[in-house]
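Chemist: File entry-v1.csv below, CSV, C-alpha atoms and all ligand atoms:
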chain,number,residue,atom,x,y,z
A,1,MET,CA,5.8,-10.8,-26.0
A,2,GLU,CA,5.5,-7.1,-27.0
A,3,LEU,CA,3.1,-6.3,-24.2
A,4,ALA,CA,5.7,-6.6,-21.5
A,5,SER,CA,7.6,-3.5,-22.6
A,6,HIS,CA,5.2,-0.9,-21.3
A,7,ILE,CA,3.7,-2.5,-18.3
A,8,HIS,CA,4.8,-3.1,-14.8
A,9,PRO,CA,8.4,-4.3,-14.2
A,10,LEU,CA,7.0,-7.2,-12.2
A,11,SER,CA,5.4,-8.6,-15.4
A,12,GLN,CA,8.7,-8.2,-17.3
A,13,MET,CA,10.4,-10.1,-14.6
A,14,TYR,CA,7.9,-12.9,-14.5
A,15,GLY,CA,7.2,-13.1,-18.3
A,16,TYR,CA,3.5,-14.0,-18.3
A,17,PRO,CA,2.7,-16.6,-20.9
A,18,THR,CA,-1.0,-16.2,-20.3
A,19,ILE,CA,-1.8,-12.5,-21.0
A,20,GLN,CA,-3.9,-13.2,-24.1
A,21,SER,CA,-5.5,-16.3,-22.7
A,22,LEU,CA,-6.6,-14.4,-19.6
A,23,ASN,CA,-8.2,-11.6,-21.6
A,24,LYS,CA,-10.0,-14.0,-23.9
A,25,ALA,CA,-11.3,-16.1,-21.0
A,26,LYS,CA,-15.0,-16.1,-20.9
A,27,PHE,CA,-16.9,-16.3,-17.7
A,28,LYS,CA,-20.4,-17.4,-17.4
A,29,THR,CA,-22.8,-14.9,-15.9
A,30,GLY,CA,-24.6,-15.9,-12.8
A,31,ASP,CA,-23.2,-17.3,-9.6
A,32,ASP,CA,-20.5,-20.0,-9.3
A,33,LYS,CA,-21.7,-23.3,-8.0
A,34,TRP,CA,-20.0,-24.9,-5.0
A,35,ASN,CA,-20.8,-28.1,-3.3
A,36,TRP,CA,-20.3,-27.6,0.4
A,37,LYS,CA,-19.5,-31.0,1.9
A,38,SER,CA,-20.7,-30.3,5.4
A,39,SER,CA,-24.1,-29.1,4.2
A,40,SER,CA,-26.9,-31.6,3.8
A,41,LYS,CA,-27.9,-30.3,0.3
A,42,GLY,CA,-24.3,-29.4,-0.7
A,43,GLU,CA,-25.3,-25.8,-0.7
A,44,PHE,CA,-23.1,-23.1,0.8
A,45,ILE,CA,-25.2,-21.2,3.3
A,46,VAL,CA,-23.3,-18.4,5.1
A,47,ALA,CA,-25.4,-18.7,8.3
A,48,GLU,CA,-24.9,-22.4,8.4
A,49,ILE,CA,-21.1,-22.2,8.0
A,50,ARG,CA,-21.0,-19.4,10.6
A,51,SER,CA,-22.8,-21.5,13.1
A,52,GLN,CA,-20.5,-24.4,12.3
A,53,ILE,CA,-17.5,-22.2,12.9
A,54,ALA,CA,-19.0,-20.8,16.1
A,55,SER,CA,-19.5,-24.3,17.4
A,56,GLN,CA,-16.0,-25.5,16.5
A,57,ASP,CA,-14.0,-22.4,17.6
A,58,ASN,CA,-14.6,-21.0,20.9
A,59,ASN,CA,-12.8,-17.8,20.1
A,60,GLY,CA,-14.6,-17.4,16.8
A,61,SER,CA,-17.0,-14.6,16.6
A,62,GLU,CA,-18.8,-12.4,14.2
A,63,GLU,CA,-16.1,-9.9,14.6
A,64,GLU,CA,-13.8,-11.7,12.2
A,65,TRP,CA,-16.5,-12.7,9.9
A,66,ARG,CA,-17.1,-9.2,8.6
A,67,HIS,CA,-14.2,-9.8,6.2
A,68,TRP,CA,-16.3,-12.1,4.2
A,69,ASN,CA,-15.8,-11.0,0.6
A,70,LYS,CA,-18.1,-12.4,-2.2
A,71,TRP,CA,-15.5,-11.5,-4.8
A,72,VAL,CA,-13.3,-14.4,-3.7
A,73,PRO,CA,-14.6,-18.0,-3.6
A,74,PRO,CA,-16.0,-19.3,-0.3
A,75,LYS,CA,-13.2,-21.7,0.3
A,76,ILE,CA,-10.7,-18.8,0.4
A,77,ASN,CA,-12.9,-16.8,2.7
A,78,TYR,CA,-13.2,-19.8,4.9
A,79,PHE,CA,-9.5,-20.4,4.9
A,80,THR,CA,-8.5,-16.8,5.7
A,81,TRP,CA,-11.1,-16.7,8.5
A,82,ARG,CA,-9.7,-19.8,10.0
A,83,ALA,CA,-6.1,-18.5,9.7
A,84,SER,CA,-7.1,-15.3,11.4
A,85,VAL,CA,-8.4,-17.3,14.4
A,86,GLY,CA,-5.3,-19.6,14.5
A,87,ARG,CA,-7.2,-22.6,13.1
A,88,ILE,CA,-5.1,-23.9,10.3
A,89,PRO,CA,-2.9,-27.0,10.7
A,90,VAL,CA,0.6,-25.4,11.1
A,91,LYS,CA,3.0,-27.3,13.3
A,92,SER,CA,2.6,-25.3,16.5
A,93,GLU,CA,-1.2,-25.9,16.3
A,94,LEU,CA,-0.7,-29.6,15.7
A,95,ILE,CA,1.6,-29.9,18.7
A,96,LYS,CA,-1.0,-28.1,20.8
A,97,ARG,CA,-3.4,-30.8,19.8
A,98,ARG,CA,-0.9,-33.5,20.7
A,99,ILE,CA,-0.5,-34.7,17.1
A,100,PRO,CA,2.9,-36.4,16.9
A,101,ILE,CA,5.2,-34.6,14.4
A,102,ASN,CA,9.0,-34.6,14.2
A,103,SER,CA,9.6,-30.9,14.5
A,104,ASN,CA,7.9,-27.7,15.1
A,105,ILE,CA,10.3,-25.8,12.8
A,106,CYS,CA,9.1,-24.2,9.6
A,107,SER,CA,10.1,-26.2,6.5
A,108,ARG,CA,10.4,-23.2,4.3
A,109,CYS,CA,13.0,-21.2,6.4
A,110,ASN,CA,14.3,-24.0,8.6
A,111,ALA,CA,14.8,-21.4,11.3
A,112,GLN,CA,11.6,-20.6,13.3
A,113,GLU,CA,8.7,-22.3,14.9
A,114,GLU,CA,5.9,-22.6,12.4
A,115,SER,CA,2.9,-20.8,13.9
A,116,VAL,CA,0.0,-19.5,11.8
A,117,ASN,CA,1.3,-16.0,11.8
A,118,HIS,CA,4.8,-17.2,11.0
A,119,ALA,CA,3.7,-19.3,8.0
A,120,ILE,CA,1.5,-16.6,6.5
A,121,CYS,CA,3.2,-13.4,7.5
A,122,GLY,CA,6.5,-13.7,9.3
A,123,CYS,CA,8.5,-16.4,7.3
A,124,SER,CA,11.2,-14.8,5.2
A,125,GLY,CA,9.7,-16.2,2.0
A,126,SER,CA,6.2,-14.9,3.0
A,127,LYS,CA,7.6,-11.5,3.8
A,128,ARG,CA,9.2,-11.2,0.3
A,129,ILE,CA,5.9,-12.1,-1.3
A,130,TRP,CA,4.0,-9.5,0.7
A,131,ARG,CA,6.6,-6.9,-0.2
A,132,ASP,CA,6.1,-7.6,-3.9
A,133,ILE,CA,2.3,-7.6,-3.5
A,134,VAL,CA,2.4,-4.3,-1.6
A,135,ASN,CA,4.6,-2.7,-4.3
A,136,TRP,CA,2.3,-4.0,-7.0
A,137,LEU,CA,-0.8,-2.5,-5.3
A,138,LYS,CA,1.1,0.8,-4.9
A,139,LEU,CA,0.6,0.7,-1.1
A,140,PRO,CA,3.2,2.3,1.2
A,141,SER,CA,6.4,0.3,1.0
A,142,SER,CA,6.7,0.3,4.8
A,143,THR,CA,3.6,-1.9,5.0
A,144,GLU,CA,4.3,-5.1,6.9
A,145,PHE,CA,2.1,-7.7,8.4
A,146,HIS,CA,2.8,-9.6,11.6
A,147,GLU,CA,-0.5,-11.3,12.0
A,148,CYS,CA,-3.2,-12.7,9.7
A,149,LYS,CA,-5.7,-10.3,11.4
A,150,ASP,CA,-3.5,-7.4,10.4
A,151,VAL,CA,-3.8,-8.4,6.7
A,152,LEU,CA,-7.6,-8.4,6.8
A,153,GLU,CA,-7.8,-5.3,8.9
A,154,TYR,CA,-5.3,-3.3,7.0
A,155,VAL,CA,-7.4,-1.5,4.4
A,156,LYS,CA,-9.9,-0.4,7.0
A,157,ASP,CA,-8.0,2.8,7.9
A,158,LEU,CA,-6.8,3.7,4.5
A,159,PRO,CA,-8.3,6.5,2.5
A,160,GLY,CA,-10.3,5.1,-0.5
A,161,SER,CA,-13.7,3.8,-1.5
A,162,ASN,CA,-15.3,0.7,-0.2
A,163,GLU,CA,-15.0,-0.8,-3.7
A,164,TRP,CA,-11.2,-0.2,-3.8
A,165,LYS,CA,-10.9,-1.7,-0.3
A,166,LYS,CA,-12.8,-4.7,-1.4
A,167,VAL,CA,-10.4,-5.2,-4.4
A,168,ILE,CA,-7.4,-4.9,-2.1
A,169,ASN,CA,-9.0,-7.5,0.2
A,170,VAL,CA,-9.5,-9.8,-2.8
A,171,VAL,CA,-5.7,-9.6,-3.5
A,172,PHE,CA,-4.8,-10.1,0.2
A,173,GLN,CA,-7.0,-13.1,0.7
A,174,THR,CA,-5.7,-14.6,-2.5
A,175,THR,CA,-2.1,-14.0,-1.3
A,176,MET,CA,-2.8,-15.7,2.0
A,177,TRP,CA,-4.3,-18.7,0.2
A,178,ASN,CA,-1.3,-18.9,-2.2
A,179,ILE,CA,1.2,-18.7,0.6
A,180,TRP,CA,-0.6,-21.6,2.3
A,181,LYS,CA,-0.7,-23.7,-0.9
A,182,ALA,CA,3.1,-23.1,-1.4
A,183,ARG,CA,3.6,-24.1,2.3
A,184,ASN,CA,1.8,-27.3,1.7
A,185,GLU,CA,3.7,-28.1,-1.5
A,186,LYS,CA,6.9,-27.6,0.4
A,187,GLU,CA,5.8,-29.6,3.4
A,188,PHE,CA,4.2,-32.6,1.7
A,189,GLU,CA,5.9,-32.7,-1.7
A,190,GLY,CA,9.2,-31.0,-1.1
A,191,ASN,CA,8.6,-28.5,-3.8
A,192,ASN,CA,10.0,-25.1,-3.6
A,193,ARG,CA,7.8,-22.6,-5.3
A,194,SER,CA,9.6,-19.6,-6.5
A,195,GLU,CA,8.3,-16.3,-5.1
A,196,ASN,CA,7.9,-14.9,-8.6
A,197,SER,CA,5.6,-17.7,-9.6
A,198,MET,CA,3.6,-17.2,-6.4
A,199,VAL,CA,3.1,-13.5,-7.1
A,200,GLU,CA,2.2,-14.3,-10.6
A,201,SER,CA,-0.5,-16.7,-9.4
A,202,VAL,CA,-1.9,-14.1,-7.0
A,203,MET,CA,-2.2,-11.6,-9.8
A,204,ALA,CA,-3.8,-14.1,-12.2
A,205,GLU,CA,-6.2,-15.6,-9.7
A,206,SER,CA,-7.3,-12.3,-8.2
A,207,PHE,CA,-7.9,-11.1,-11.8
A,208,ILE,CA,-10.1,-14.1,-12.5
A,209,TRP,CA,-12.1,-13.7,-9.3
A,210,LEU,CA,-12.7,-10.1,-10.1
A,211,LYS,CA,-13.7,-10.8,-13.7
A,212,SER,CA,-16.0,-13.6,-12.8
A,213,ARG,CA,-17.4,-12.6,-9.4
A,214,SER,CA,-17.5,-8.8,-9.2
A,215,LYS,CA,-19.1,-6.1,-11.3
A,216,LEU,CA,-15.7,-4.9,-12.5
A,217,HIS,CA,-15.9,-6.6,-15.8
A,218,ASP,CA,-13.9,-3.8,-17.6
A,219,ILE,CA,-10.6,-4.7,-15.9
A,220,VAL,CA,-8.1,-5.9,-18.5
A,221,TRP,CA,-5.0,-7.9,-17.7
A,222,GLU,CA,-2.5,-5.4,-19.1
A,223,ARG,CA,-3.7,-2.8,-16.7
A,224,TRP,CA,-4.3,-5.2,-13.8
A,225,VAL,CA,-0.6,-6.1,-13.7
A,226,ASP,CA,0.2,-2.4,-13.3
A,227,PHE,CA,-2.7,-2.1,-10.8
A,228,ASN,CA,-3.9,0.8,-13.0
A,229,ILE,CA,-7.6,0.5,-12.2
A,230,ARG,CA,-8.5,3.8,-10.5
A,231,ASP,CA,-10.9,4.8,-13.2
A,232,ILE,CA,-12.7,1.5,-13.2
A,233,VAL,CA,-12.9,1.1,-9.4
A,234,LYS,CA,-15.1,3.7,-7.9
A,301,ZN,ZN,9.6,-20.0,8.1
Can you turn what I pasted into structure tokens?
Ligand SMILES: [Zn+2]
Modeler:
Amino acid sequence: MELASHIHPLSQMYGYPTIQSLNKAKFKTGDDKWNWKSSSKGEFIVAEIRSQIASQDNNGSEEEWRHWNKWVPPKINYFTWRASVGRIPVKSELIKRRIPINSNICSRCNAQEESVNHAICGCSGSKRIWRDIVNWLKLPSSTEFHECKDVLEYVKDLPGSNEWKKVINVVFQTTMWNIWKARNEKEFEGNNRSENSMVESVMAESFIWLKSRSKLHDIVWERWVDFNIRDIVK
């Protein structure tokens, strides 16, 4: 495909088959519809979910909740929130809850205990994904995350507009979500997802979220893969 010659090296490496299909994708205007299982009417109501979380998690607080980002789907916000308060079913958490499992060792690296922060940030495979994402976003190459909270807090102190920070947050939440999906594929199906395909998924999904859920309709895929959006994002 011709397009690959002048865009980001990552895209050359990964050889996107979907460049044209992504640009042609049409998204309905108006809000996405979600059925929220735990709500009586199937509606997602932030206040209701917030109170559910508060009642389930003693250390949950409004402090973490400020990272709610309407440009990513509620299920991803909810996942990253739970990850940041240590409430996703990694092995160390299952053991704490006396759920019988064979080993507390991470299946992806086979080396360290699988805690929440190990799975999302510290595992060697996760670190490589974060490195690629950080490079793609043109953030300082020294950027490293040790905890899920670091990921969500990171942009806070960077120079840049709120809109740009919100875009970075979209990508970061999508990255956390994809790392967790890959973890589950490995854990339950024995599949090893390549890091390249995961980075590709993060790029594609975050692009779709922005096109469909934000006001940044002018973003095009060819520029998104180079993260060349400074004139579009205020
Ligand atoms: Zn690991």
Chemist: Could you name the residues that touch Trp224 (chain A) at 9 Å or less, counting only C-alpha atoms, but leaving out those on the same chain fewer than 5 positions away, as a compact mmCIF listing (two decimals) with C-alpha atoms, in the frame of the given file?
Modeler:
# COMPACT_ATOMS: atom_id res chain seq x y z
CA MET A 203 -2.20 -11.60 -9.80
CA PHE A 207 -7.90 -11.10 -11.80
CA ILE A 219 -10.60 -4.70 -15.90
CA ILE A 229 -7.60 0.50 -12.20
Chemist: Tell me which of A:Ser103, A:Ala119, A:Val85, A:His67 sits closest to Tyr154 (chain A), counting all atoms listed in the file.
Modeler: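 Checking each of A:Ser103, A:Ala119, A:Val85, A:His67 against Tyr154 (chain A), counting all atoms listed in the file, the winner is A:His67.
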Chemist: Please give me, as a VMD selection string, the residues lying within 12 Å of ligand ZN 301 (chain A) when counting all atoms listed in the file.
Modeler: chain A and resid 90 to 91 104 to 128 179 to 180 182 to 183 186 to 187
Chemist: Taking into account all atoms listed in the file, which residue in the set A:Val155, A:Ile76, A:Ile129, A:Val220 is nearest to Val167 (chain A)?
Modeler: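 Closest to Val167 (chain A), using all atoms listed in the file: A:Val155.
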Chemist: Could you check how far CA of Lys166 (chain A) sits from CA of Ala204 (chain A), in Å to one decimal?
Modeler: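 Distance reported for this atom pair: 16.9 Å.
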Chemist: Restricting the calculation to all atoms listed in the file, which member of A:Thr174, A:Asn135, A:Asn191, A:Ser161 is positioned closest to Phe227 (chain A)?
Modeler: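 Under the stated criterion, the closest residue is A:Asn135.
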Chemist: Enter the distance from CA of Ile208 (chain A) to CA of Met176 (chain A), in Å, rounded to one decimal.
Modeler: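 For CA of Ile208 (chain A) relative to CA of Met176 (chain A), the distance reads 16.3 Å.
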Chemist: Quick one: distance from CA of Val202 (chain A) to CA of Asn178 (chain A) in Å, one decimal?
Modeler: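 Result for CA of Val202 (chain A) versus CA of Asn178 (chain A): 6.8 Å, one decimal.
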Chemist: Skipping near chain neighbours, those fewer than 4 positions away, what residues fall within 8 Å of Ile88 (chain A) using only C-alpha atoms, listed as a ChimeraX atom specification?
Modeler: /A:79,82-83,93,116
Chemist: With distances taken over only C-alpha atoms, which residue among A:Ile101, A:Gly160, A:Asp231, A:Val170 lies nearest Lys70 (chain A)?
Modeler: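 Between A:Ile101, A:Gly160, A:Asp231, A:Val170, the residue approaching Lys70 (chain A) most closely is A:Val170.
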Chemist: Could you name the residues that touch Ser84 (chain A) at 7 Å or less, counting only C-alpha atoms, but leaving out those on the same chain fewer than 2 positions away, as a PDB file with C-alpha atoms, in the frame of the given file?
Modeler:
ATOM      1  CA  THR A  80      -8.500 -16.800   5.700  1.00  0.00           C
ATOM      2  CA  TRP A  81     -11.100 -16.700   8.500  1.00  0.00           C
ATOM      3  CA  ARG A  82      -9.700 -19.800  10.000  1.00  0.00           C
ATOM      4  CA  GLY A  86      -5.300 -19.600  14.500  1.00  0.00           C
ATOM      5  CA  CYS A 148      -3.200 -12.700   9.700  1.00  0.00           C
ATOM      6  CA  LYS A 149      -5.700 -10.300  11.400  1.00  0.00           C
TER       7      LYS A 149
END
Chemist: Using only C-alpha atoms, which of A:Leu152, A:Val199, A:Phe172, A:Ile232 sits nearest Lys215 (chain A)?
Modeler: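 Result for the nearest residue to Lys215 (chain A): A:Ile232.
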